[in-house]
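**Student:** My file is final_23.txt. It has compact mmCIF, C-alpha atoms:
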```txt
# COMPACT_ATOMS: atom_id res chain seq x y z
CA MET A 1 0.00 0.00 0.00
CA ARG A 2 2.77 2.35 0.98
CA THR A 3 4.55 2.09 -2.37
CA ASP A 4 1.18 2.41 -4.09
CA ALA A 5 0.61 5.76 -2.46
CA LYS A 6 4.12 6.86 -3.34
CA THR A 7 3.69 5.89 -6.98
CA LYS A 8 0.36 7.66 -7.14
CA ARG A 9 1.87 10.80 -5.66
CA LEU A 10 4.70 10.72 -8.19
CA ALA A 11 2.25 10.22 -11.03
CA PHE A 12 0.10 13.10 -9.82
CA ASP A 13 3.10 15.36 -9.40
CA ALA A 14 4.10 14.56 -12.99
CA ALA A 15 0.56 15.36 -14.09
CA PHE A 16 0.77 18.68 -12.24
CA VAL A 17 4.00 19.48 -14.13
CA CYS A 18 2.20 18.86 -17.42
CA LEU A 19 -0.76 20.92 -16.30
CA ALA A 20 1.44 23.81 -15.18
CA LEU A 21 3.36 23.69 -18.46
CA ALA A 22 0.17 23.59 -20.53
CA LEU A 23 -1.34 26.48 -18.56
CA SER A 24 1.75 28.66 -18.96
CA TYR A 25 1.83 27.86 -22.69
CA LEU A 26 -1.85 28.67 -23.02
CA GLU A 27 -1.25 31.92 -21.18
CA SER A 28 1.39 32.99 -23.69
CA PHE A 29 -1.29 33.03 -26.40
CA LEU A 30 -3.59 35.35 -24.49
CA PRO A 31 -3.31 38.97 -25.54
CA PRO A 32 -2.00 41.25 -22.78
CA PHE A 33 -4.91 42.67 -20.83
CA VAL A 34 -5.15 45.95 -19.00
CA PHE A 35 -1.65 45.74 -17.53
CA PRO A 36 1.27 45.73 -19.97
CA GLY A 37 3.72 42.91 -19.32
CA ALA A 38 1.77 41.28 -16.50
CA LYS A 39 0.57 37.72 -16.93
CA LEU A 40 -2.51 36.00 -15.57
CA GLY A 41 -0.60 33.43 -13.51
CA LEU A 42 -2.69 30.40 -14.39
CA THR A 43 0.24 28.14 -13.46
CA ASN A 44 -0.39 29.11 -9.87
CA ILE A 45 -3.67 27.18 -9.98
CA ALA A 46 -1.83 23.91 -10.60
CA LEU A 47 0.78 24.72 -7.94
CA THR A 48 -1.78 25.65 -5.28
CA VAL A 49 -3.79 22.47 -5.84
CA CYS A 50 -0.57 20.44 -5.69
CA ALA A 51 0.59 22.16 -2.49
CA TYR A 52 -2.71 21.52 -0.71
CA ARG A 53 -3.09 17.97 -2.01
CA TYR A 54 0.44 16.95 -0.97
CA PHE A 55 3.12 19.28 0.41
CA VAL A 56 4.52 22.64 -0.59
CA THR A 57 7.77 20.78 -1.38
CA ASP A 58 5.86 18.85 -4.07
CA ALA A 59 4.64 22.13 -5.52
CA ALA A 60 8.22 23.45 -5.44
CA ALA A 61 9.45 20.39 -7.35
CA VAL A 62 6.60 20.77 -9.85
CA SER A 63 7.36 24.46 -10.30
CA PHE A 64 11.08 23.84 -10.76
CA CYS A 65 10.44 21.11 -13.37
CA ARG A 66 7.97 23.38 -15.16
CA ILE A 67 10.50 26.21 -15.34
CA LEU A 68 13.28 23.87 -16.47
CA ILE A 69 11.15 22.33 -19.24
CA SER A 70 9.99 25.80 -20.32
CA PHE A 71 13.64 26.82 -20.54
CA LEU A 72 14.56 23.73 -22.57
CA LEU A 73 11.63 24.25 -24.95
CA PHE A 74 11.76 28.01 -25.41
CA GLY A 75 15.32 28.72 -24.23
CA ASN A 76 15.19 32.16 -22.74
CA VAL A 77 17.78 32.80 -20.02
CA THR A 78 16.16 36.04 -18.84
CA SER A 79 12.78 34.44 -18.37
CA LEU A 80 14.46 31.51 -16.58
CA LEU A 81 15.89 33.88 -13.99
CA PHE A 82 12.60 35.74 -13.71
CA SER A 83 10.59 32.57 -13.26
CA LEU A 84 12.98 31.19 -10.65
CA PHE A 85 12.87 34.36 -8.53
CA GLY A 86 9.12 34.74 -8.88
CA SER A 87 8.21 31.16 -8.12
CA ALA A 88 10.64 30.86 -5.18
CA LEU A 89 9.03 33.82 -3.43
CA SER A 90 5.54 32.72 -4.34
CA LEU A 91 6.11 29.19 -2.97
CA LEU A 92 7.56 30.60 0.23
CA THR A 93 4.35 32.61 0.69
CA LEU A 94 2.28 29.53 -0.05
CA ALA A 95 4.22 27.54 2.56
CA VAL A 96 3.59 30.17 5.24
CA LEU A 97 -0.09 30.50 4.29
CA LYS A 98 -0.63 26.74 4.35
CA LYS A 99 0.57 26.70 7.98
CA HIS A 100 -1.11 29.93 9.11
CA ASN A 101 -4.16 30.55 7.03
CA LEU A 102 -4.90 34.03 8.49
CA GLY A 103 -8.59 33.54 7.71
CA LEU A 104 -8.04 33.96 4.00
CA SER A 105 -9.85 31.97 1.35
CA PHE A 106 -8.18 30.73 -1.82
CA ILE A 107 -8.83 34.16 -3.32
CA GLY A 108 -6.73 35.94 -0.68
CA ILE A 109 -4.05 33.25 -0.83
CA SER A 110 -3.86 33.62 -4.59
CA VAL A 111 -3.57 37.41 -4.36
CA LEU A 112 -0.67 37.12 -1.90
CA CYS A 113 1.05 34.51 -4.09
CA ALA A 114 0.67 36.74 -7.14
CA LEU A 115 2.02 39.70 -5.19
CA SER A 116 5.09 37.80 -3.98
CA HIS A 117 5.61 36.31 -7.46
CA ASN A 118 5.65 39.78 -8.95
CA ALA A 119 7.94 41.04 -6.18
CA GLY A 120 10.39 38.24 -7.05
CA GLN A 121 10.23 39.08 -10.74
CA LEU A 122 10.75 42.74 -10.02
CA ALA A 123 13.81 41.83 -7.94
CA ALA A 124 15.15 39.82 -10.89
CA ALA A 125 14.44 42.74 -13.22
CA TYR A 126 16.19 45.09 -10.80
CA ILE A 127 19.28 42.88 -10.97
CA THR A 128 19.30 42.62 -14.78
CA ALA A 129 18.05 46.07 -15.82
CA GLY A 130 18.67 48.40 -12.86
CA GLY A 131 16.60 50.82 -10.83
CA ALA A 132 14.42 52.12 -13.67
CA VAL A 133 12.18 49.03 -13.47
CA LEU A 134 10.94 50.04 -10.03
CA SER A 135 8.63 52.57 -11.67
CA TYR A 136 6.76 49.52 -12.88
CA ALA A 137 5.97 48.33 -9.33
CA SER A 138 2.55 49.95 -9.05
CA VAL A 139 1.31 48.33 -12.27
CA LEU A 140 2.45 44.94 -10.97
CA VAL A 141 0.74 45.51 -7.61
CA PHE A 142 -2.57 46.33 -9.31
CA ALA A 143 -2.15 43.35 -11.60
CA SER A 144 -1.57 41.07 -8.58
CA ALA A 145 -4.81 42.21 -6.97
CA VAL A 146 -6.90 41.67 -10.11
CA PHE A 147 -5.27 38.58 -11.63
CA GLY A 148 -4.60 36.98 -8.23
CA ALA A 149 -8.27 37.29 -7.28
CA LEU A 150 -9.29 35.89 -10.67
CA CYS A 151 -7.01 32.85 -10.32
CA GLY A 152 -8.17 32.40 -6.73
CA PHE A 153 -11.76 32.35 -7.92
CA LEU A 154 -10.85 29.68 -10.50
CA ILE A 155 -9.27 27.60 -7.70
CA THR A 156 -12.50 27.72 -5.68
CA LEU A 157 -14.26 26.05 -8.61
CA ILE A 158 -12.10 22.93 -8.26
CA PRO A 159 -13.91 20.15 -6.35
CA ASP A 160 -12.71 19.29 -2.81
CA LYS A 161 -12.03 15.67 -3.79
CA ILE A 162 -9.02 16.73 -5.85
CA PHE A 163 -7.53 18.66 -2.92
CA LYS A 164 -8.10 15.82 -0.45
CA ASN A 165 -6.36 13.06 -2.41
CA GLU A 166 -9.65 11.21 -2.97
CA VAL A 167 -9.27 11.00 -6.72
CA MET B 168 -8.02 21.81 6.75
CA LEU B 169 -8.59 23.44 3.41
CA PRO B 170 -8.97 27.20 3.22
CA SER B 171 -12.45 28.53 2.70
CA LYS B 172 -13.86 28.38 -0.80
CA LYS B 173 -16.03 31.43 -0.26
CA ILE B 174 -14.57 34.90 -0.24
CA THR B 175 -13.98 36.06 3.35
CA LYS B 176 -13.88 39.50 4.97
CA ARG B 177 -10.12 39.12 5.31
CA ASP B 178 -9.87 38.60 1.53
CA ILE B 179 -11.68 41.82 0.82
CA LEU B 180 -9.52 43.63 3.38
CA LEU B 181 -6.40 42.19 1.77
CA ILE B 182 -7.40 43.16 -1.78
CA PHE B 183 -8.25 46.63 -0.52
CA CYS B 184 -4.81 46.93 1.12
CA VAL B 185 -3.08 45.72 -2.05
CA ILE B 186 -4.91 48.34 -4.14
CA ILE B 187 -3.93 51.04 -1.63
CA LEU B 188 -0.32 49.85 -1.87
CA GLY B 189 -0.56 50.16 -5.66
CA VAL B 190 -1.88 53.71 -5.39
CA LEU B 191 0.88 54.63 -2.92
CA LEU B 192 3.51 53.32 -5.31
CA LEU B 193 1.96 55.39 -8.06
CA LEU B 194 2.22 58.65 -6.11
CA PRO B 195 5.95 59.43 -6.22
CA LYS B 196 5.83 59.24 -10.00
CA ASN B 197 3.25 62.01 -10.26
CA ILE B 198 4.52 64.36 -7.55
CA GLY B 199 6.86 67.05 -8.77
CA LYS B 200 6.68 65.97 -12.37
CA LYS B 201 8.91 68.09 -14.53
CA SER B 202 9.23 68.02 -18.26
CA GLY B 203 12.45 66.33 -19.23
CA GLU B 204 15.11 67.81 -21.44
CA ARG B 205 16.95 64.79 -22.70
CA VAL B 206 16.31 61.13 -23.28
CA ILE B 207 19.05 58.72 -22.23
CA VAL B 208 19.25 55.33 -23.89
CA SER B 209 21.38 52.68 -22.24
CA CYS B 210 21.89 49.33 -23.85
CA ASP B 211 24.55 46.69 -23.29
CA GLY B 212 26.76 49.04 -21.30
CA THR B 213 26.76 51.92 -23.79
CA GLU B 214 24.83 55.09 -23.17
CA MET B 215 23.47 57.49 -25.74
CA SER B 216 21.55 60.65 -25.16
CA TYR B 217 19.28 62.67 -27.42
CA SER B 218 17.59 66.01 -26.90
CA LEU B 219 13.82 65.92 -26.50
CA LYS B 220 13.57 69.30 -28.19
CA ASN B 221 14.63 68.05 -31.57
CA ASP B 222 12.26 65.67 -33.32
CA GLY B 223 13.77 62.62 -34.92
CA GLU B 224 13.85 58.87 -35.26
CA TYR B 225 16.80 56.86 -34.03
CA SER B 226 17.46 53.19 -34.63
CA ILE B 227 19.01 51.34 -31.73
CA VAL B 228 20.52 47.87 -31.55
CA SER B 229 20.59 46.32 -28.08
CA GLY B 230 21.43 42.70 -27.44
CA GLU B 231 19.94 40.68 -30.28
CA TYR B 232 17.12 43.12 -30.91
CA HIS B 233 16.46 46.25 -32.95
CA TYR B 234 14.47 49.25 -31.85
CA VAL B 235 13.27 52.54 -33.24
CA LEU B 236 13.10 55.44 -30.81
CA ARG B 237 10.97 58.36 -31.96
CA VAL B 238 11.22 61.80 -30.41
CA GLU B 239 8.35 64.11 -31.25
CA ASN B 240 6.94 67.23 -29.54
CA GLY B 241 9.12 66.68 -26.48
CA GLU B 242 7.98 63.08 -26.04
CA ALA B 243 9.96 59.91 -26.63
CA ALA B 244 8.55 56.49 -27.49
CA VAL B 245 9.84 53.17 -28.71
CA THR B 246 7.80 52.80 -31.89
CA TYR B 247 9.28 49.60 -33.23
CA SER B 248 10.94 46.60 -31.66
CA ASP B 249 11.57 43.02 -32.75
CA CYS B 250 11.87 41.79 -29.16
CA PRO B 251 9.51 38.97 -28.19
CA ASP B 252 7.20 40.68 -25.69
CA LYS B 253 6.87 44.26 -27.07
CA VAL B 254 6.36 45.70 -23.59
CA CYS B 255 8.63 48.58 -24.60
CA VAL B 256 6.41 49.51 -27.55
CA ARG B 257 3.24 49.30 -25.47
CA SER B 258 4.76 51.48 -22.74
CA GLY B 259 3.85 54.48 -24.85
CA LYS B 260 5.30 57.97 -24.72
CA ILE B 261 7.47 59.37 -21.96
CA SER B 262 8.26 63.02 -21.48
CA HIS B 263 8.68 63.73 -17.76
CA SER B 264 11.94 63.63 -15.89
CA GLY B 265 12.47 60.20 -14.33
CA GLU B 266 10.04 58.33 -16.57
CA SER B 267 11.41 55.30 -18.33
CA ILE B 268 10.78 52.55 -20.84
CA VAL B 269 12.42 49.22 -20.13
CA CYS B 270 12.87 46.30 -22.49
CA ILE B 271 13.97 43.26 -20.52
CA PRO B 272 14.80 40.89 -23.42
CA GLY B 273 17.16 43.39 -25.03
CA HIS B 274 18.52 44.97 -21.82
CA LEU B 275 17.39 48.37 -23.06
CA VAL B 276 16.56 51.22 -20.71
CA VAL B 277 15.28 54.56 -21.99
CA THR B 278 15.07 57.27 -19.33
CA VAL B 279 14.12 60.92 -19.46
CA SER B 280 16.53 63.19 -17.64
CA GLY B 281 15.81 66.70 -16.48
CA THR B 282 18.98 68.52 -17.37
CA ASP B 283 20.23 69.49 -20.78
CA GLU B 284 23.95 69.32 -20.22
CA SER B 285 25.56 67.12 -22.86
CA SER B 286 25.47 67.65 -26.59
CA ASP B 287 23.35 65.69 -29.02
CA GLY B 288 24.15 62.05 -29.76
CA THR B 289 27.00 61.61 -27.31
CA VAL B 290 28.19 58.05 -26.90
CA GLY B 291 29.76 57.37 -23.52
```
Show this structure as structure tokens.

**Tutor:**
Amino acid sequence: MRTDAKTKRLAFDAAFVCLALALSYLESFLPPFVFPGAKLGLTNIALTVCAYRYFVTDAAAVSFCRILISFLLFGNVTSLLFSLFGSALSLLTLAVLKKHNLGLSFIGISVLCALSHNAGQLAAAYITAGGAVLSYASVLVFASAVFGALCGFLITLIPDKIFKNEV
Amino acid sequence: MLPSKKITKRDILLIFCVIILGVLLLLPKNIGKKSGERVIVSCDGTEMSYSLKNDGEYSIVSGEYHYVLRVENGEAAVTYSDCPDKVCVRSGKISHSGESIVCIPGHLVVTVSGTDESSDGTVG
């Protein structure tokens, strides 16, 4: 039984990698909305479900694999650095929020993840392009509130069974 | 325990706080706005500067990408770019001191500076 559960977890984690990759690819086709340069963050849906179904470490592994495969497929060093910074900060937030919920629903959790993801990306941009990028911070903060809430709403539509390892 | 699936009061409070944070970050850009005098283009370690008073189109190569910078009526804009995300083109026109256009893929930064000290087209 024990190995069964382990195999299932590995299989699901692999499925989450595929899902995250597909979502980020899908996202690249969407035209930029109100905020120039900001993305919807659909990948976060897969990562949040994974983190609550198993552990945040699983989500971190999934995220890292997703970024690595993205890099191998599309080969962009700048976006690799950006993704790594963004997802590291976002996962850290998710880890804290999974322990101490603070009375937030998935919508609030998603907003905070989006905010920390954007903060990480801005830090990466600051390193590569210098202080001028900081003028972009307010746009990213607004984008986090809107897109984070939207992704959070999408997460609430996912049935409980998937979160509780019953499927 | 799974987090709530219905929006909570804390969520609304959080989103409100985030929007306030966004507004606060917006403020320093609009306070004490002065019209700029020059536009400084830095790409791959080289820096060029053009006067905002003279209209013109300049082609810039930064990294692997090509750009066209247009200066018109005291405003500068990146009007063409072959970079993948085109954020620089969508950033629109800049004219006030401190405003900038950044293109991450090509490591291009265009900033408006307030003082008109160096001559046209200096490469430093």

**Student:** May I have the residues of chain B within 10 Å of chain A, counting all atoms listed in the file, written as number ranges by chain?

**Tutor:** B: 168-196, 209-211, 252-258, 265-278

**Student:** Show which residues sit within 6 Å of segment 121-124 of chain A, as a ChimeraX atom specification. Count all atoms listed in the file, and ignore same-chain residues fewer than 2 positions away.

**Tutor:** /A:82,85-86,118-119,126-127

**Student:** What does the distance from atom CA of Ile45 of chain A to atom CA of Ala14 of chain A come to in Å, to one decimal?

**Tutor:** 15.1 Å

**Student:** To one decimal place, how far is atom CA of His117 of chain A from atom CA of Ala15 of chain A in Å?

**Tutor:** 22.5 Å

**Student:** At what distance in Å, to one decimal, does atom CA of Val279 of chain B lie from atom CA of Pro251 of chain B?

**Tutor:**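 A separation of 24.1 Å between them.
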
**Student:** Report as a ChimeraX atom specification all protein, DNA and RNA residues lying within 10 Å of segment 165-167 of chain A, evaluated on only C-alpha atoms, omitting residues in the same chain fewer than 6 positions from it.

**Tutor:** /A:8-9,12,50,52-54

**Student:** I'd like to know which of B:Val235, B:Leu219, B:Ile207, B:Ile261 is closest to Ser248 of chain B, using all atoms listed in the file.

**Tutor:**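 Using all atoms listed in the file, the shortest distance to Ser248 of chain B belongs to B:Val235.
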
**Student:** List the spatial neighbours of Cys113 of chain A as a ChimeraX atom specification - criterion: any atom at most 8 Å away, all atoms listed in the file, same-chain residues fewer than 6 positions off excluded.

**Tutor:** /A:90-91,93-94,148
